[in-house]
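Quick notes on the structure that follows.
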Amino acid sequence: MGQPDVIIIGAGPAGVRAAEALVGAGLRPTIIDEGRRAGGQIYRRQPENFRRPYGELYGTEAGRAKALHDGFDALAGRVDYRPETLVWNIADRHVWTAAGGRQQALPFDALLLCTGATDRLMPVKGWDLAGTYSLGGAQVALKAQACAIGRRVAFVGTGPLLYLVAAQYVKAGAGVAAVLDTSPFAARVAALPKLLAQPGVLRDGVALTLALKRAGVALHAGVEPLEVLGDADAGVTGLRFRDGRGRERAIGADAVALGYHLRPETQLADLARCAFAFEPKTRQWLPERDGDGRSSVPGVYLAGDGARILGARSAEATGRLAALAVLADLGLPVDAGELADLRRQVAGYARFAEGLAEAFPWPAAQAGKLPDETVLCRCENVTAGDLRRTVREAGAKEANRAKAFSRVGMGRCQGRYCGQAAAEVVAAEAGVPVEQVGRLRGQAPVKPLPIAIEEDAP
Amino acid sequence: MSGHQPPSDVLVIGGGLMGTSAALFLRQRGVSVTLLESDLVGRQASGTNFGNVRRQGRPIGQLPLANRAIEIWRNANALLGSDVEYLQSGHIRVCYRERPEMADKMEAYAAEARHAGLELELLSGNALRARFPFLGPEVMAGSYSALDGHANPRLVAPAFARAAIRAGAVVHENTKVTAAAKVGDDFEVATADGRTFRATVLLVTAGAWGPLLSAQFGEPVPLVARGPNMSVTEPVPYAIAPAVGVMTPVEEETVYFRQVARGNIVLGGSTRGPAYPDLVRSYVLPQNTLSQLRQLRRLAPALGKLNIIRVWSGIEGYLPDSLPVMGPSARVSGLYYAFGFSGSGFQIGPGVGATMAELIATGSTAIPIDAYRVDRFPAAA
Ligand SMILES: Cc1cc2nc3c(=O)[nH]c(=O)nc-3n(C[C@H](O)[C@@H](O)[C@H](O)COP(=O)(O)OP(=O)(O)OC[C@H]3O[C@@H](n4cnc5c(N)ncnc54)[C@H](O)[C@@H]3O)c2cc1C
Ligand SMILES: Cc1cc2nc3c(=O)[nH]c(=O)nc-3n(C[C@H](O)[C@H](O)[C@H](O)COP(=O)(O)OP(=O)(O)OC[C@H]3O[C@@H](n4cnc5c(N)ncnc54)[C@H](O)[C@@H]3O)c2cc1C
């Protein structure tokens with residue numbers, strides 16, 4: 001056979017390292033990414049005309065960011081790189097792309113999905129007020145546009161990103177009203193043995209907390225967010241929450257950044273018809289894969305945070321590992337020593353990630369307590385009460401049934417942001433385990449597709 | 001969950017719009033009903049369709065049934081005790097300059113339809129564009145039906161099922177019928193979970209799966225399952241009242257759209273995709289989405305500014321003459337069929353339920369259904 005068609009979707013750490021391994025074996029993979037420049041989420045590159053130094057942009061991760069960007073640049077001419085190109089569908093062993101208003105279908109023999117992650121969100125009453133952002137959105141505003149989402153920002157949620165973005169705001173001179181973490185401090189202590197699997201990352205995390213404290217930012221653990229305060233005219237004016245000791249409190253803020261760690265971007269795996277399984281530790285549905293990244297569908301591979309949230313360093317390792325699996329399956333030689341070494345690395349990252357999941361658990365129980373008037377699905381404006389009514393009155397106890405009746409998750413984000421919280425609301429109302437509620441089936445297009453799209457000849 | 005279940009007068013197999021509405025109307029006639037549904041009610045064709053509540057374009061002989069249905073649609077919210085988002089906001093059928101013969105057909109149809117109680121207003125392309133400026137220059141003529149409209153398919157059949165239950169019907173979901181036979185004077189129906197149900201009358205409303213059951217009574221039906229393509233845009237300000245569709249003999253050109261009160265525009269049509277009833281799956285092929293968008297731009301170029309945010313399909317059973325199987329069995333007394341609605345069962349659905357209930361309870365109906373006889377197909381070899 002001639003050169004096999006290998007396509008990588010995502011030019012973040014996973015996709016870039018996968019491409020390197022494939023090029024190293026003499027292949028010429030196609031790399032597709034929606035973004036304008038390679039780098040992915042954490043190592044997002046600034047626009048060409050910006051000249052901010054690496055240290056300023058990436059902090060402790062500057063060295064890794066530079067290494068990844070250099071690694072990618074070194075592939076020039078040996079890969080078919082397609083930036084600003086959305087993969088909107090996968091069907092019939094083709095990847096369906098849209099770029100600049102044009103559509104093209106590309107055949108593949110092997111497909112690596114390196115699609116990364118987005119914020120995991122738990123709604124709170126009032127989060128639909130202007131001035132509420134996801135943590136990721138707050139960070140992108142700072143990184144890409146060098147502007148803060150507010151002058152006095154309350155950071156609410158849980159997970160390492162909560163502290164990271166808050167610290168980045170402090171560093172940029174933006175006002176931080178408080179950091180409100182839903183996880184109890186004790187959970188972090190209990191998770192320490194697992195977190196020690198990556199002492200460097202743990203140290204950086206602790207350093208962030210200390211930097212926030214030094215800057216005089218109030219840090220609360222074990223909180224329960226009750227309501228984003230404000231009104232339609234003024235937007236966000238504050239936040240009401242119950243603190244770790246059960247006292248109700250309110251703080252003033254003109255913006256809220258919200259996030260509960262991350263969720264993998266799995267829609268393409270769904271369209272590729274990969275099987276999914278429920279992971280009880282994080283209470284999310286993940287595409288099934290073997291240790292090296294093979295999905296349940298022959299020829300489709302998964303790597304990076306899009307397969308399972310293990311962080312940026314692990315993404316580099318799982319990307320390379322999945323590429324080695326591609327090579328092995330194509331009958332090309334693979335270095336057994338490297339394979340073993342990568343597997344060992346990933347096992348360490350997995351242990352650390354398990355520690356993070358225990359230290360910063362998804363606050364599932366909050367979903368059951370959301371007041372009925374809380375907007376749950378912001379695209380379709382569905383409240384928690386609307387959804388509960390479909391459970392009670394129409395008997396919808398399954399995610400897609402609840403969607404069909406209430407429109408939850410039917411909007412432009414296709415449930416990416418509300419889907420997991422909606423499943424918890426249904427589970428709580430129906431009194432069934434959340435895994436029984438299931439997950440929303442993915443549908444094309446992964447992101448909105450222009451009706452005016454034009455087709456290229458194949 | 002095994003053993004014999006309490007008998008009822010009528011056993012209905014399949015909880016789509018046909019089965020659930022028949023169950024409600026049978027209860028209104030005092031007949032005891034048990035309905036068996038292999039999944040959840042209204043999740044297949046009845047819950048995934050485009051939502052057109054359209055009479056125009058149906059065979060003239062079907063208009064009495066469609067008119068019976070429209071009466072039910074108008075009172076649906078009161079009848080069902082829940083809002084099924086029925087909007088009687090009109091329906092336009094247009095044809096293109098490239099196919100002028102369609103305009104003649106439209107005119108002839110309008111004349112006949114008037115006698116069957118359906119008023120249609122014929123409009124030239126320019127008159128249409130003056131009234132509905134979103135229509136494109138290729139539109140040559142059109143026919144407007146003020147008293148047609150659309151509804152939310154996801155809500156309708158489940159609402160019929162709840163109303164039927166309130167009226168005393170017994171509905172078993174997640175109950176798949178694996179075998180059905182007539183034993184003595186009764187029908188005996190076995191389900192995948194090992195239960196047996198009995199009744200004196202059996203009504204098969206199993207959609208694309210209907211032939212699997214009719215074949216058990218020696219009545220094979222040449223049904224082909226396919227999946228029409230649907231898409232929906234993000235919400236935009238509500239501006240398009242009527243549902244709009246193209247009249248054309250070419251499958252690829254048949255596109256249609258409607259705007260829901262929330263603002264999203266639902267579009268459907270063009271080349272249908274494959275459907276796999278045995279796997280309970282249907283897929284939207286990307287090339288069919290693209291041809292649908294291409295055809296939509298012809299019909300309404302203004303919509304080219306929007307994005308679609310989701311596509312879907314559903315499993316529908318098509319018969320060679322595009323008419324359903326509806327009426328009594330030709331071989332077995334007490335056995336009735338209503339399936340294979342060939343892409344146009346949503347509007348008539350409640351009328352089908354009412355007519356089947358009437359037929360079963362009284363032995364006859366004034367609604368013409370002879371064209372839908374199960375034995376009209378040349379015997380499959
Ligand atoms: C806001 C945010 C901040 C984060 N900060 C950190 C951090 O500080 N430290 C850390 O360890 N981790 C962080 N993470 C997690 C982070 O995503 C990574 O661990 C790392 O970027 C994962 O690498 P990846 O290659 O798996 O995916 P990513 O780096 O996310 O790359 C995925 C790429 O796939 C592309 N893509 C996805 N879908 C499509 C499609 N349909 N068509 C075309 N292209 C597509 C995206 O454009 C993206 O460039 C953060 C995540 C988020 C969301
Ligand atoms: C995508 C799409 C778009 C459409 N658009 C329109 C439109 O705009 N206007 C219009 O008028 N029509 C439209 N139609 C057609 C219309 O939806 C159907 O004709 C109608 O819903 C058929 O209803 P039904 O009850 O016969 O079938 P279904 O709704 O399919 O119901 C049959 C039921 O039987 C159950 N069943 C099958 N076998 C068994 C068994 N062995 N045991 C127990 N239960 C069983 C199934 O699970 C199913 O729930 C469309 C169809 C589709 C798929």
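Here's how to read the names in the structure tokens: chain A, B, ... by the order shown, residue numbers from 1 in each chain, ligand numbers from 1 in the order shown.
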Requested in this report: Enumerate residues in contact with ligand 2: an atom-to-atom distance of at most 7 Å, counting only C-alpha atoms and all ligand atoms. Format the result as number ranges by chain.
Outcome: B: 13-19, 36-54, 175-178, 205-210, 227-230, 313-316, 338-349
Can you check which residues of chain A have any atom within 8 Å of chain B? Use only C-alpha atoms and format it as a PDB file with N, CA and C atoms, in the first residue's frame.
ATOM      1  N   ASN A  89     -17.702  16.792  11.464  1.00  0.00           N
ATOM      2  CA  ASN A  89     -18.334  15.478  11.468  1.00  0.00           C
ATOM      3  C   ASN A  89     -17.284  14.422  11.162  1.00  0.00           C
ATOM      4  N   ALA A  91     -17.550  10.503   9.544  1.00  0.00           N
ATOM      5  CA  ALA A  91     -18.462   9.464   9.063  1.00  0.00           C
ATOM      6  C   ALA A  91     -17.802   8.737   7.924  1.00  0.00           C
ATOM      7  N   TRP A  96     -14.806  15.299   8.124  1.00  0.00           N
ATOM      8  CA  TRP A  96     -15.495  16.347   7.370  1.00  0.00           C
ATOM      9  C   TRP A  96     -15.106  17.698   7.954  1.00  0.00           C
ATOM     10  N   ALA A 394     -43.511  14.096  33.201  1.00  0.00           N
ATOM     11  CA  ALA A 394     -43.433  13.358  31.938  1.00  0.00           C
ATOM     12  C   ALA A 394     -42.560  12.113  32.071  1.00  0.00           C
ATOM     13  N   ALA A 404     -35.218  15.810  25.054  1.00  0.00           N
ATOM     14  CA  ALA A 404     -36.318  15.856  24.084  1.00  0.00           C
ATOM     15  C   ALA A 404     -37.510  16.633  24.647  1.00  0.00           C
ATOM     16  N   PHE A 405     -37.771  16.447  25.912  1.00  0.00           N
ATOM     17  CA  PHE A 405     -38.953  17.087  26.499  1.00  0.00           C
ATOM     18  C   PHE A 405     -38.704  18.538  26.915  1.00  0.00           C
ATOM     19  N   GLY A 411     -29.211  23.344  22.593  1.00  0.00           N
ATOM     20  CA  GLY A 411     -28.793  24.589  21.953  1.00  0.00           C
ATOM     21  C   GLY A 411     -27.445  24.491  21.288  1.00  0.00           C
ATOM     22  N   ARG A 412     -26.855  25.643  21.102  1.00  0.00           N
ATOM     23  CA  ARG A 412     -25.673  25.710  20.260  1.00  0.00           C
ATOM     24  C   ARG A 412     -24.478  24.991  20.874  1.00  0.00           C
ATOM     25  N   GLN A 414     -24.755  22.223  22.499  1.00  0.00           N
ATOM     26  CA  GLN A 414     -25.119  20.801  22.500  1.00  0.00           C
ATOM     27  C   GLN A 414     -24.881  20.137  23.843  1.00  0.00           C
ATOM     28  N   GLN A 443     -24.240  14.866  18.280  1.00  0.00           N
ATOM     29  CA  GLN A 443     -24.741  14.981  16.920  1.00  0.00           C
ATOM     30  C   GLN A 443     -23.870  15.978  16.182  1.00  0.00           C
ATOM     31  N   ALA A 444     -23.712  15.753  14.889  1.00  0.00           N
ATOM     32  CA  ALA A 444     -23.038  16.755  14.070  1.00  0.00           C
ATOM     33  C   ALA A 444     -23.973  17.963  13.939  1.00  0.00           C
ATOM     34  N   PRO A 445     -23.478  19.125  13.594  1.00  0.00           N
ATOM     35  CA  PRO A 445     -22.068  19.473  13.562  1.00  0.00           C
ATOM     36  C   PRO A 445     -21.543  19.730  14.983  1.00  0.00           C
ATOM     37  N   VAL A 446     -20.281  19.432  15.178  1.00  0.00           N
ATOM     38  CA  VAL A 446     -19.681  19.609  16.497  1.00  0.00           C
ATOM     39  C   VAL A 446     -19.768  21.067  16.955  1.00  0.00           C
ATOM     40  N   LYS A 447     -19.578  21.967  16.022  1.00  0.00           N
ATOM     41  CA  LYS A 447     -19.810  23.403  16.277  1.00  0.00           C
ATOM     42  C   LYS A 447     -20.689  23.907  15.137  1.00  0.00           C
ATOM     43  N   PRO A 448     -21.343  25.062  15.308  1.00  0.00           N
ATOM     44  CA  PRO A 448     -22.267  25.542  14.278  1.00  0.00           C
ATOM     45  C   PRO A 448     -21.636  25.553  12.880  1.00  0.00           C
ATOM     46  N   LEU A 449     -22.422  25.132  11.902  1.00  0.00           N
ATOM     47  CA  LEU A 449     -21.964  25.028  10.512  1.00  0.00           C
ATOM     48  C   LEU A 449     -22.779  25.994   9.664  1.00  0.00           C
ATOM     49  N   PRO A 450     -22.102  26.850   8.880  1.00  0.00           N
ATOM     50  CA  PRO A 450     -22.863  27.819   8.082  1.00  0.00           C
ATOM     51  C   PRO A 450     -23.712  27.133   7.021  1.00  0.00           C
ATOM     52  N   ILE A 451     -24.950  27.582   6.876  1.00  0.00           N
ATOM     53  CA  ILE A 451     -25.814  27.069   5.804  1.00  0.00           C
ATOM     54  C   ILE A 451     -25.192  27.410   4.456  1.00  0.00           C
ATOM     55  N   ALA A 452     -24.424  28.504   4.420  1.00  0.00           N
ATOM     56  CA  ALA A 452     -23.812  28.944   3.160  1.00  0.00           C
ATOM     57  C   ALA A 452     -22.547  28.167   2.804  1.00  0.00           C
ATOM     58  N   ILE A 453     -22.243  27.119   3.565  1.00  0.00           N
ATOM     59  CA  ILE A 453     -20.993  26.383   3.314  1.00  0.00           C
ATOM     60  C   ILE A 453     -20.900  25.930   1.854  1.00  0.00           C
TER      61      ILE A 453
END
TODO: Identify which of the residues B:Lys182, B:Arg226, B:His91, B:Arg272 lies closest to Gly334 in chain B, counting only C-alpha atoms when measuring atom-to-atom distances.
DONE: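 For Gly334 in chain B, the nearest of the given residues is B:Lys182.
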Residues near Ala161 in chain B, anyone? I mean within 8 Å using only C-alpha atoms, not counting same-chain ones fewer than 3 positions away, as a list in words.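 Once the nearby chain positions are removed, what remains is Gly15, Thr20, Ser21, Ala23, Leu24, Val41, Ala157, Pro158, Ala164, Ile165 and Val171 of chain B.
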I'd like the contact shell of Gly117 in chain B - 12 Å cut-off, only C-alpha atoms, skipping same-chain residues fewer than 5 positions apart - returned as a list in words.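 Neighbouring residues, sequence-local ones excluded: Arg55, Gln56, Ile60, Gly61, Gln62, Leu63, Pro64, Leu65, Ala66, Asn67, Arg68, Ile70, Ala110, Ala111, Glu112, Ser145 and Leu147 of chain B.
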Got time to write the residues from that selection, N, CA and C atoms, as a short mmCIF file (atom, residue, chain, number, x, y, z; two decimals), in the first residue's frame?
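Result written to out01.cif:
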data_model
loop_
_atom_site.label_atom_id
_atom_site.label_comp_id
_atom_site.auth_asym_id
_atom_site.auth_seq_id
_atom_site.Cartn_x
_atom_site.Cartn_y
_atom_site.Cartn_z
N ARG B 55 -51.75 19.38 5.53
CA ARG B 55 -52.69 18.57 4.75
C ARG B 55 -52.38 18.68 3.26
N GLN B 56 -52.02 19.89 2.81
CA GLN B 56 -51.86 20.04 1.36
C GLN B 56 -50.72 19.17 0.87
N ILE B 60 -55.57 13.23 -2.57
CA ILE B 60 -56.91 13.77 -2.32
C ILE B 60 -57.73 12.78 -1.48
N GLY B 61 -57.56 11.51 -1.77
CA GLY B 61 -58.33 10.49 -1.04
C GLY B 61 -57.99 10.43 0.44
N GLN B 62 -56.88 11.05 0.82
CA GLN B 62 -56.48 11.02 2.24
C GLN B 62 -57.01 12.24 3.00
N LEU B 63 -57.60 13.18 2.27
CA LEU B 63 -57.98 14.42 2.95
C LEU B 63 -59.07 14.23 4.01
N PRO B 64 -60.03 13.35 3.83
CA PRO B 64 -60.99 13.15 4.93
C PRO B 64 -60.30 12.73 6.23
N LEU B 65 -59.30 11.85 6.11
CA LEU B 65 -58.54 11.44 7.29
C LEU B 65 -57.75 12.63 7.86
N ALA B 66 -57.14 13.40 6.96
CA ALA B 66 -56.37 14.57 7.40
C ALA B 66 -57.27 15.61 8.05
N ASN B 67 -58.49 15.74 7.52
CA ASN B 67 -59.43 16.71 8.11
C ASN B 67 -59.89 16.25 9.49
N ARG B 68 -60.06 14.96 9.64
CA ARG B 68 -60.40 14.44 10.96
C ARG B 68 -59.26 14.75 11.94
N ILE B 70 -57.09 17.19 11.74
CA ILE B 70 -56.88 18.61 12.04
C ILE B 70 -57.81 19.06 13.16
N ALA B 110 -55.31 22.00 -6.28
CA ALA B 110 -56.08 22.97 -5.49
C ALA B 110 -57.57 22.85 -5.80
N ALA B 111 -57.87 22.63 -7.10
CA ALA B 111 -59.28 22.51 -7.49
C ALA B 111 -59.92 21.29 -6.84
N GLU B 112 -59.20 20.19 -6.86
CA GLU B 112 -59.74 18.96 -6.26
C GLU B 112 -59.82 19.07 -4.73
N SER B 145 -51.73 27.25 2.23
CA SER B 145 -52.82 26.68 3.01
C SER B 145 -52.79 27.36 4.38
N LEU B 147 -54.72 27.06 6.93
CA LEU B 147 -55.14 26.31 8.11
C LEU B 147 -54.29 25.06 8.36
#
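For the set A:Gly216, A:Gly259, A:Gly126, A:Gly77, the residue with the smallest atom-to-atom gap to ligand 1 is A:Gly259, counting only C-alpha atoms and all ligand atoms.
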Residues of range 203-340 of chain A classed as strand (DSSP E or B) by DSSP on the backbone are to be reported as a PyMOL selection string. chain A and resi 219-220+224-231+235-242+248-252+255-260+262-264+276-279+284-287+294+300-302
Need to verify the contact set: Ala241 in chain B, 8 Å, only C-alpha atoms, exclusion of same-chain residues closer than 4 positions in sequence. Can you return it as a PyMOL selection string?
chain B and resi 89-90+258-259
For the residues selected in the previous step, produce a file with all heavy atoms as an mmCIF file, in the first residue's frame.
data_model
loop_
_atom_site.group_PDB
_atom_site.id
_atom_site.type_symbol
_atom_site.label_atom_id
_atom_site.label_comp_id
_atom_site.auth_asym_id
_atom_site.auth_seq_id
_atom_site.Cartn_x
_atom_site.Cartn_y
_atom_site.Cartn_z
ATOM 1 N N SER B 89 -50.169 28.041 11.645
ATOM 2 C CA SER B 89 -49.626 29.275 11.078
ATOM 3 C C SER B 89 -49.427 29.189 9.588
ATOM 4 O O SER B 89 -48.699 29.972 9.003
ATOM 5 C CB SER B 89 -48.301 29.582 11.770
ATOM 6 O OG SER B 89 -47.472 28.446 11.711
ATOM 7 N N GLY B 90 -50.038 28.186 8.945
ATOM 8 C CA GLY B 90 -50.005 28.121 7.497
ATOM 9 C C GLY B 90 -48.900 27.244 6.938
ATOM 10 O O GLY B 90 -47.927 26.909 7.631
ATOM 11 N N ARG B 258 -39.388 25.246 8.873
ATOM 12 C CA ARG B 258 -40.386 25.942 9.693
ATOM 13 C C ARG B 258 -39.642 26.620 10.830
ATOM 14 O O ARG B 258 -38.552 26.174 11.218
ATOM 15 C CB ARG B 258 -41.422 24.966 10.260
ATOM 16 C CG ARG B 258 -40.841 23.964 11.263
ATOM 17 C CD ARG B 258 -41.886 22.939 11.690
ATOM 18 N NE ARG B 258 -41.341 21.961 12.638
ATOM 19 C CZ ARG B 258 -41.520 22.009 13.958
ATOM 20 N NH1 ARG B 258 -42.243 22.965 14.505
ATOM 21 N NH2 ARG B 258 -40.987 21.089 14.745
ATOM 22 N N GLN B 259 -40.201 27.695 11.355
ATOM 23 C CA GLN B 259 -39.566 28.355 12.498
ATOM 24 C C GLN B 259 -40.412 28.091 13.737
ATOM 25 O O GLN B 259 -41.627 28.304 13.717
ATOM 26 C CB GLN B 259 -39.427 29.860 12.254
ATOM 27 C CG GLN B 259 -38.618 30.540 13.350
ATOM 28 C CD GLN B 259 -38.325 32.003 13.076
ATOM 29 O OE1 GLN B 259 -39.045 32.658 12.331
ATOM 30 N NE2 GLN B 259 -37.271 32.518 13.710
#
Once DSSP has gone over the backbone, tell me which residues of range 21-171 of chain A are in helix (DSSP H, G or I), as JSON, numbers by chain. {"A": [21, 22, 23, 24, 54, 55, 56, 57, 58, 59, 60, 61, 62, 63, 64, 65, 66, 67, 68, 69, 70, 71, 72, 73, 135, 136, 137, 138, 139, 140, 141, 142, 143, 144, 145, 160, 161, 162, 163, 164, 165, 166, 167, 168, 169, 170, 171]}
Shortest contact to ligand 1, candidates A:Trp127, A:Tyr260, A:Trp285, A:Phe185, atoms counted only C-alpha atoms and all ligand atoms, goes to A:Tyr260
Worksheet item: Leaving out Glu279 in chain A and any residue of its chain fewer than 4 positions from it, which residues lie within 12 Å of it when counting only C-alpha atoms, given as a list in words?
Response: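 Near Glu279 in chain A, the qualifying residues are Arg263, Arg283, Gln284, Trp285, Leu286, Pro287, Glu288, Ala307, Arg308, Ile309, Glu354, Ala357, Val434, Glu435 and Gly438 of chain A.
The space separating CA of Thr365 in chain B from CA of Val332 in chain B comes to 18.9 Å.
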**Asked** Could you work out how far atom 16 (C, counted along the ligand's line) of ligand 1 lies from CA of Asn49 in chain A, giving the answer in Å with one decimal?
**Response**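 For CA of Asn49 in chain A relative to atom 16 (C, counted along the ligand's line) of ligand 1, the distance reads 24.3 Å.
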Neighbour list for range 132-136 of chain B as a list in words, cut-off 6 Å, only C-alpha atoms, skip fewer than 2 positions in-chain = Leu128, Arg129, Ala130, Glu138, Val139, Leu299, Ala300, Pro301 and Ala302 of chain B
Expected file: the selected residues, all heavy atoms, as a PDB file, in the first residue's frame:
ATOM      1  N   LEU B 128     -45.809  35.674  -4.122  1.00  0.00           N
ATOM      2  CA  LEU B 128     -45.280  34.938  -2.974  1.00  0.00           C
ATOM      3  C   LEU B 128     -44.136  35.703  -2.317  1.00  0.00           C
ATOM      4  O   LEU B 128     -44.085  35.861  -1.096  1.00  0.00           O
ATOM      5  CB  LEU B 128     -44.733  33.583  -3.422  1.00  0.00           C
ATOM      6  CG  LEU B 128     -45.686  32.398  -3.454  1.00  0.00           C
ATOM      7  CD1 LEU B 128     -44.981  31.220  -4.084  1.00  0.00           C
ATOM      8  CD2 LEU B 128     -46.147  32.048  -2.040  1.00  0.00           C
ATOM      9  N   ARG B 129     -43.204  36.175  -3.167  1.00  0.00           N
ATOM     10  CA  ARG B 129     -42.036  36.883  -2.617  1.00  0.00           C
ATOM     11  C   ARG B 129     -42.440  38.183  -1.932  1.00  0.00           C
ATOM     12  O   ARG B 129     -41.820  38.588  -0.957  1.00  0.00           O
ATOM     13  CB  ARG B 129     -40.997  37.137  -3.721  1.00  0.00           C
ATOM     14  CG  ARG B 129     -40.049  35.950  -3.915  1.00  0.00           C
ATOM     15  CD  ARG B 129     -39.020  36.214  -5.009  1.00  0.00           C
ATOM     16  NE  ARG B 129     -39.654  36.296  -6.303  1.00  0.00           N
ATOM     17  CZ  ARG B 129     -39.915  35.233  -7.078  1.00  0.00           C
ATOM     18  NH1 ARG B 129     -39.554  34.041  -6.692  1.00  0.00           N
ATOM     19  NH2 ARG B 129     -40.520  35.393  -8.232  1.00  0.00           N
ATOM     20  N   ALA B 130     -43.510  38.814  -2.446  1.00  0.00           N
ATOM     21  CA  ALA B 130     -43.965  40.044  -1.794  1.00  0.00           C
ATOM     22  C   ALA B 130     -44.454  39.715  -0.381  1.00  0.00           C
ATOM     23  O   ALA B 130     -44.248  40.485   0.565  1.00  0.00           O
ATOM     24  CB  ALA B 130     -45.074  40.684  -2.611  1.00  0.00           C
ATOM     25  N   GLU B 138     -35.769  31.488  -7.774  1.00  0.00           N
ATOM     26  CA  GLU B 138     -36.133  30.310  -8.560  1.00  0.00           C
ATOM     27  C   GLU B 138     -37.582  29.892  -8.339  1.00  0.00           C
ATOM     28  O   GLU B 138     -38.125  29.076  -9.091  1.00  0.00           O
ATOM     29  CB  GLU B 138     -35.221  29.135  -8.200  1.00  0.00           C
ATOM     30  CG  GLU B 138     -33.849  29.212  -8.826  1.00  0.00           C
ATOM     31  CD  GLU B 138     -33.105  27.892  -8.661  1.00  0.00           C
ATOM     32  OE1 GLU B 138     -33.579  26.861  -9.161  1.00  0.00           O
ATOM     33  OE2 GLU B 138     -32.048  27.912  -7.995  1.00  0.00           O
ATOM     34  N   VAL B 139     -38.194  30.422  -7.284  1.00  0.00           N
ATOM     35  CA  VAL B 139     -39.567  30.014  -6.974  1.00  0.00           C
ATOM     36  C   VAL B 139     -40.505  30.595  -8.024  1.00  0.00           C
ATOM     37  O   VAL B 139     -40.546  31.799  -8.253  1.00  0.00           O
ATOM     38  CB  VAL B 139     -39.972  30.479  -5.559  1.00  0.00           C
ATOM     39  CG1 VAL B 139     -41.473  30.293  -5.346  1.00  0.00           C
ATOM     40  CG2 VAL B 139     -39.165  29.736  -4.510  1.00  0.00           C
ATOM     41  N   LEU B 299     -34.126  27.482  -2.170  1.00  0.00           N
ATOM     42  CA  LEU B 299     -35.488  27.784  -1.749  1.00  0.00           C
ATOM     43  C   LEU B 299     -35.562  29.125  -1.023  1.00  0.00           C
ATOM     44  O   LEU B 299     -36.467  29.921  -1.262  1.00  0.00           O
ATOM     45  CB  LEU B 299     -35.981  26.646  -0.834  1.00  0.00           C
ATOM     46  CG  LEU B 299     -37.343  26.792  -0.188  1.00  0.00           C
ATOM     47  CD1 LEU B 299     -38.431  26.939  -1.239  1.00  0.00           C
ATOM     48  CD2 LEU B 299     -37.638  25.572   0.697  1.00  0.00           C
ATOM     49  N   ALA B 300     -34.618  29.372  -0.133  1.00  0.00           N
ATOM     50  CA  ALA B 300     -34.674  30.568   0.703  1.00  0.00           C
ATOM     51  C   ALA B 300     -33.257  31.086   0.935  1.00  0.00           C
ATOM     52  O   ALA B 300     -32.653  30.825   1.972  1.00  0.00           O
ATOM     53  CB  ALA B 300     -35.345  30.248   2.033  1.00  0.00           C
ATOM     54  N   PRO B 301     -32.713  31.796  -0.043  1.00  0.00           N
ATOM     55  CA  PRO B 301     -31.308  32.235   0.051  1.00  0.00           C
ATOM     56  C   PRO B 301     -31.023  33.022   1.326  1.00  0.00           C
ATOM     57  O   PRO B 301     -29.903  32.971   1.847  1.00  0.00           O
ATOM     58  CB  PRO B 301     -31.123  33.120  -1.184  1.00  0.00           C
ATOM     59  CG  PRO B 301     -32.223  32.754  -2.117  1.00  0.00           C
ATOM     60  CD  PRO B 301     -33.360  32.255  -1.290  1.00  0.00           C
ATOM     61  N   ALA B 302     -32.031  33.725   1.847  1.00  0.00           N
ATOM     62  CA  ALA B 302     -31.797  34.555   3.036  1.00  0.00           C
ATOM     63  C   ALA B 302     -31.332  33.711   4.223  1.00  0.00           C
ATOM     64  O   ALA B 302     -30.612  34.202   5.096  1.00  0.00           O
ATOM     65  CB  ALA B 302     -33.077  35.310   3.397  1.00  0.00           C
TER      66      ALA B 302
END
Of A:Asp372, A:Asp329, A:Glu265, A:Glu20, the one sitting nearest Leu302 in chain A when using only C-alpha atoms is A:Glu265
Residue among B:Ala261, B:Ala371, B:Val33, B:Ile72 lying closest to Pro237 in chain B, counting only C-alpha atoms:
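When distances to Pro237 in chain B are compared using only C-alpha atoms, the smallest one comes from B:Ala261.
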